[in-house]
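Dropping entry22.csv in here (CSV, C-alpha atoms):
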chain,number,residue,atom,x,y,z
F,167,MET,CA,-68.9,-13.0,11.5
F,168,GLU,CA,-66.2,-10.5,12.6
F,169,SER,CA,-65.3,-12.5,15.7
F,170,ASP,CA,-64.4,-15.4,13.4
F,171,MET,CA,-61.8,-13.2,11.6
F,172,GLY,CA,-59.3,-13.2,14.5
F,173,GLY,CA,-56.4,-10.9,13.8
F,174,VAL,CA,-57.3,-10.2,10.1
F,175,PRO,CA,-56.8,-6.5,9.3
F,176,GLY,CA,-59.8,-4.5,8.3
F,177,THR,CA,-62.1,-5.5,11.2
F,178,ARG,CA,-63.5,-3.3,13.9
F,179,GLY,CA,-61.1,-4.8,16.4
F,180,ASN,CA,-58.1,-4.6,14.0
F,181,PRO,CA,-58.8,-1.8,11.5
F,182,TRP,CA,-56.6,-0.7,8.7
F,183,ILE,CA,-54.6,2.5,9.6
F,184,LEU,CA,-54.0,4.2,6.3
F,185,LYS,CA,-53.0,7.5,4.8
F,186,THR,CA,-54.7,9.3,2.0
F,187,PRO,CA,-52.8,9.6,-1.3
F,188,GLY,CA,-50.8,12.8,-1.6
F,189,SER,CA,-52.0,14.6,1.5
F,190,ALA,CA,-51.0,11.8,3.9
F,191,VAL,CA,-53.9,12.4,6.3
F,192,GLU,CA,-54.2,9.3,8.5
F,193,TYR,CA,-57.5,7.5,8.8
F,194,VAL,CA,-58.9,4.3,10.1
F,195,ALA,CA,-61.1,1.9,8.0
F,196,TYR,CA,-62.7,-1.4,8.6
F,197,ARG,CA,-65.4,-3.8,7.2
F,198,ASP,CA,-68.8,-3.7,8.8
F,199,PRO,CA,-70.7,-6.7,7.4
F,200,SER,CA,-73.6,-6.1,9.9
F,201,HIS,CA,-74.5,-2.8,8.3
F,202,ASP,CA,-77.4,-2.7,5.9
F,203,PRO,CA,-76.0,-2.8,3.2
F,204,PRO,CA,-72.6,-4.2,4.3
F,205,ALA,CA,-70.2,-1.3,4.5
F,206,ILE,CA,-66.6,-0.1,4.8
F,207,VAL,CA,-66.5,2.4,7.7
F,208,VAL,CA,-63.9,5.2,7.3
F,209,ARG,CA,-63.1,7.4,10.3
F,210,VAL,CA,-61.0,10.6,9.7
F,211,GLU,CA,-60.7,13.9,11.5
F,212,GLY,CA,-63.8,13.3,13.6
F,213,LYS,CA,-66.0,12.2,10.7
F,214,GLU,CA,-67.4,8.8,9.9
F,215,MET,CA,-68.2,7.8,6.4
F,216,ARG,CA,-69.6,4.5,5.0
F,217,TYR,CA,-69.2,3.0,1.6
F,218,HIS,CA,-70.7,-0.1,0.1
F,219,LEU,CA,-68.5,-3.0,1.0
F,220,ARG,CA,-68.9,-4.5,-2.4
F,221,CYS,CA,-66.9,-1.5,-3.8
F,222,LEU,CA,-63.7,-3.4,-3.3
F,223,ASN,CA,-64.7,-6.1,-5.7
F,224,ASP,CA,-66.4,-3.7,-8.1
F,225,LEU,CA,-63.4,-1.3,-8.2
F,226,ASP,CA,-61.1,-4.3,-8.7
F,227,GLU,CA,-63.2,-5.5,-11.7
F,228,MET,CA,-63.4,-1.9,-13.2
F,229,LEU,CA,-59.6,-1.4,-12.9
F,230,LYS,CA,-59.0,-4.8,-14.5
F,231,SER,CA,-61.2,-3.8,-17.5
F,232,HIS,CA,-59.6,-0.4,-17.6
F,233,ARG,CA,-56.1,-2.0,-17.9
F,234,ASP,CA,-54.1,1.2,-17.3
F,235,TRP,CA,-53.5,3.9,-14.8
F,236,MET,CA,-56.6,5.9,-13.9
F,237,LEU,CA,-56.7,9.3,-12.2
F,238,LEU,CA,-58.2,9.3,-8.7
F,239,GLY,CA,-60.0,12.6,-9.0
F,240,SER,CA,-61.1,12.9,-5.3
F,241,ALA,CA,-63.9,15.4,-4.7
F,242,ASP,CA,-66.4,16.2,-2.0
F,243,GLU,CA,-70.0,15.1,-2.6
F,244,GLN,CA,-71.0,18.7,-3.4
F,245,GLU,CA,-68.3,19.1,-6.0
F,246,PRO,CA,-68.4,17.6,-9.5
F,247,ALA,CA,-66.0,14.7,-10.2
F,248,ALA,CA,-63.8,15.0,-13.2
F,249,ALA,CA,-64.8,12.7,-16.0
F,250,GLY,CA,-62.8,9.5,-16.5
F,251,THR,CA,-61.6,9.4,-12.8
F,252,VAL,CA,-62.2,6.8,-10.1
F,253,GLU,CA,-64.3,9.4,-8.3
F,254,ALA,CA,-66.6,9.8,-11.3
F,255,TRP,CA,-67.0,6.1,-11.7
F,256,ALA,CA,-67.9,5.8,-8.0
F,257,ARG,CA,-70.9,8.2,-8.6
F,258,SER,CA,-72.0,7.0,-12.0
F,259,PRO,CA,-75.4,5.6,-12.8
F,260,GLN,CA,-73.5,3.1,-15.0
F,261,ASN,CA,-71.5,1.5,-12.1
F,262,PRO,CA,-72.7,-1.8,-10.5
F,263,VAL,CA,-74.7,0.0,-7.7
F,264,LYS,CA,-76.1,2.5,-10.3
F,265,GLY,CA,-74.9,5.6,-8.4
F,266,TRP,CA,-73.1,6.6,-5.3
F,267,TYR,CA,-70.9,4.0,-3.4
F,268,GLY,CA,-70.9,6.5,-0.5
F,269,LEU,CA,-73.7,5.7,2.0
F,270,THR,CA,-73.3,8.7,4.3
F,271,LYS,CA,-75.5,11.6,3.0
F,272,GLY,CA,-73.4,14.7,2.9
F,273,HIS,CA,-70.1,12.7,2.9
F,274,ARG,CA,-70.7,10.4,-0.1
F,275,GLY,CA,-67.8,11.8,-2.0
F,276,ARG,CA,-64.0,11.3,-1.5
F,277,PHE,CA,-64.4,7.6,-2.5
F,278,SER,CA,-61.1,7.8,-4.4
F,279,GLN,CA,-59.3,9.3,-1.4
F,280,TYR,CA,-60.2,6.5,1.0
F,281,ILE,CA,-61.0,3.3,-1.0
F,282,PRO,CA,-57.9,2.9,-3.2
F,283,PRO,CA,-55.5,2.8,-0.2
F,284,ILE,CA,-57.5,-0.1,1.1
F,285,MET,CA,-57.2,-1.8,-2.3
F,286,GLN,CA,-53.4,-1.2,-2.0
F,287,ALA,CA,-53.3,-2.7,1.5
F,288,LEU,CA,-55.0,-5.8,0.1
F,289,ASN,CA,-52.4,-5.9,-2.7
F,290,LEU,CA,-55.2,-5.4,-5.3
F,291,ALA,CA,-54.0,-2.0,-6.6
F,292,GLU,CA,-51.0,0.3,-6.8
F,293,ILE,CA,-51.2,4.1,-6.2
F,294,GLU,CA,-48.9,6.5,-7.9
F,295,GLU,CA,-49.1,9.4,-5.4
F,296,THR,CA,-47.2,12.1,-7.5
F,297,LEU,CA,-49.8,12.0,-10.3
F,298,MET,CA,-52.7,10.8,-8.0
F,299,LYS,CA,-53.6,7.7,-10.0
F,300,VAL,CA,-54.3,4.0,-9.4
F,301,ARG,CA,-54.0,0.8,-11.4
F,302,ILE,CA,-54.6,-2.8,-10.7
F,303,THR,CA,-51.6,-4.9,-9.6
Please re-express this file's structure in structure tokens.
Amino acid sequence: MESDMGGVPGTRGNPWILKTPGSAVEYVAYRDPSHDPPAIVVRVEGKEMRYHLRCLNDLDEMLKSHRDWMLLGSADEQEPAAAGTVEAWARSPQNPVKGWYGLTKGHRGRFSQYIPPIMQALNLAEIEETLMKVRIT
């Protein structure tokens, strides 16, 4: 599947090179449809994390229904996520996967640090870095 995508950004051969909101830490991300379940792979500072690939569509739908800015609220897996944030939604039993979008045990958090910049690269969302919030475009 990936070989058919040519020069499309977000593949293993042509990953997104992004920066986290606020802290501007550079990271690499790409789609891995061969993973079970299909995933987004994030590589940063020697770590590799995976998130459900469907999170892009699910986050897009959630932000459309939210209809306003939403705080990112990034937190490690071991830390609680602030209520009403993208991070809290990404861990909630009420989201479409009924829990964590993160697939890498010990590194399931930080969803709102890595996934919204991908949404922005796809022109699906806008990030306001001063207040660390996101909205649908």
Inset, instruction - Within 12 Å of Lys271 of chain F, counting all atoms listed in the file, which residues show up once you throw out same-chain ones fewer than 3 positions away? Write them as number ranges by chain, please. - result: F: 214-217, 242-244, 266-268, 274-275
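Closest approach to Lys213 of chain F from the set F:Thr303, F:Met228, F:Pro283, F:Gly272 is made by F:Gly272, with distances taken over all atoms listed in the file.
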Legend entry - Option closest in space to Gly239 of chain F, from F:Thr186, F:Ser200, F:Ser258, F:Gln279 [counting only C-alpha atoms]: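 Using only C-alpha atoms, Gly239 of chain F sits closest to F:Gln279.
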List every protein, DNA or RNA residue that has an atom no more than 10 Å from (-55.6, 10.9, 1.5) in the file's coordinate frame, counting only C-alpha atoms, and report them as an mmCIF file with C-alpha atoms, keeping the file's coordinate frame.
data_model
loop_
_atom_site.group_PDB
_atom_site.id
_atom_site.type_symbol
_atom_site.label_atom_id
_atom_site.label_comp_id
_atom_site.auth_asym_id
_atom_site.auth_seq_id
_atom_site.Cartn_x
_atom_site.Cartn_y
_atom_site.Cartn_z
ATOM 1 C CA LEU F 184 -54.000 4.200 6.300
ATOM 2 C CA LYS F 185 -53.000 7.500 4.800
ATOM 3 C CA THR F 186 -54.700 9.300 2.000
ATOM 4 C CA PRO F 187 -52.800 9.600 -1.300
ATOM 5 C CA GLY F 188 -50.800 12.800 -1.600
ATOM 6 C CA SER F 189 -52.000 14.600 1.500
ATOM 7 C CA ALA F 190 -51.000 11.800 3.900
ATOM 8 C CA VAL F 191 -53.900 12.400 6.300
ATOM 9 C CA GLU F 192 -54.200 9.300 8.500
ATOM 10 C CA TYR F 193 -57.500 7.500 8.800
ATOM 11 C CA VAL F 210 -61.000 10.600 9.700
ATOM 12 C CA SER F 240 -61.100 12.900 -5.300
ATOM 13 C CA ARG F 276 -64.000 11.300 -1.500
ATOM 14 C CA SER F 278 -61.100 7.800 -4.400
ATOM 15 C CA GLN F 279 -59.300 9.300 -1.400
ATOM 16 C CA TYR F 280 -60.200 6.500 1.000
ATOM 17 C CA ILE F 281 -61.000 3.300 -1.000
ATOM 18 C CA PRO F 282 -57.900 2.900 -3.200
ATOM 19 C CA PRO F 283 -55.500 2.800 -0.200
ATOM 20 C CA GLU F 295 -49.100 9.400 -5.400
ATOM 21 C CA MET F 298 -52.700 10.800 -8.000
#
Legend entry - Interatomic distance, atom CA of Met236 of chain F to atom CA of Thr177 of chain F (Å, one decimal):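 Interatomic distance, atom CA of Met236 of chain F to atom CA of Thr177 of chain F: 28.1 Å.
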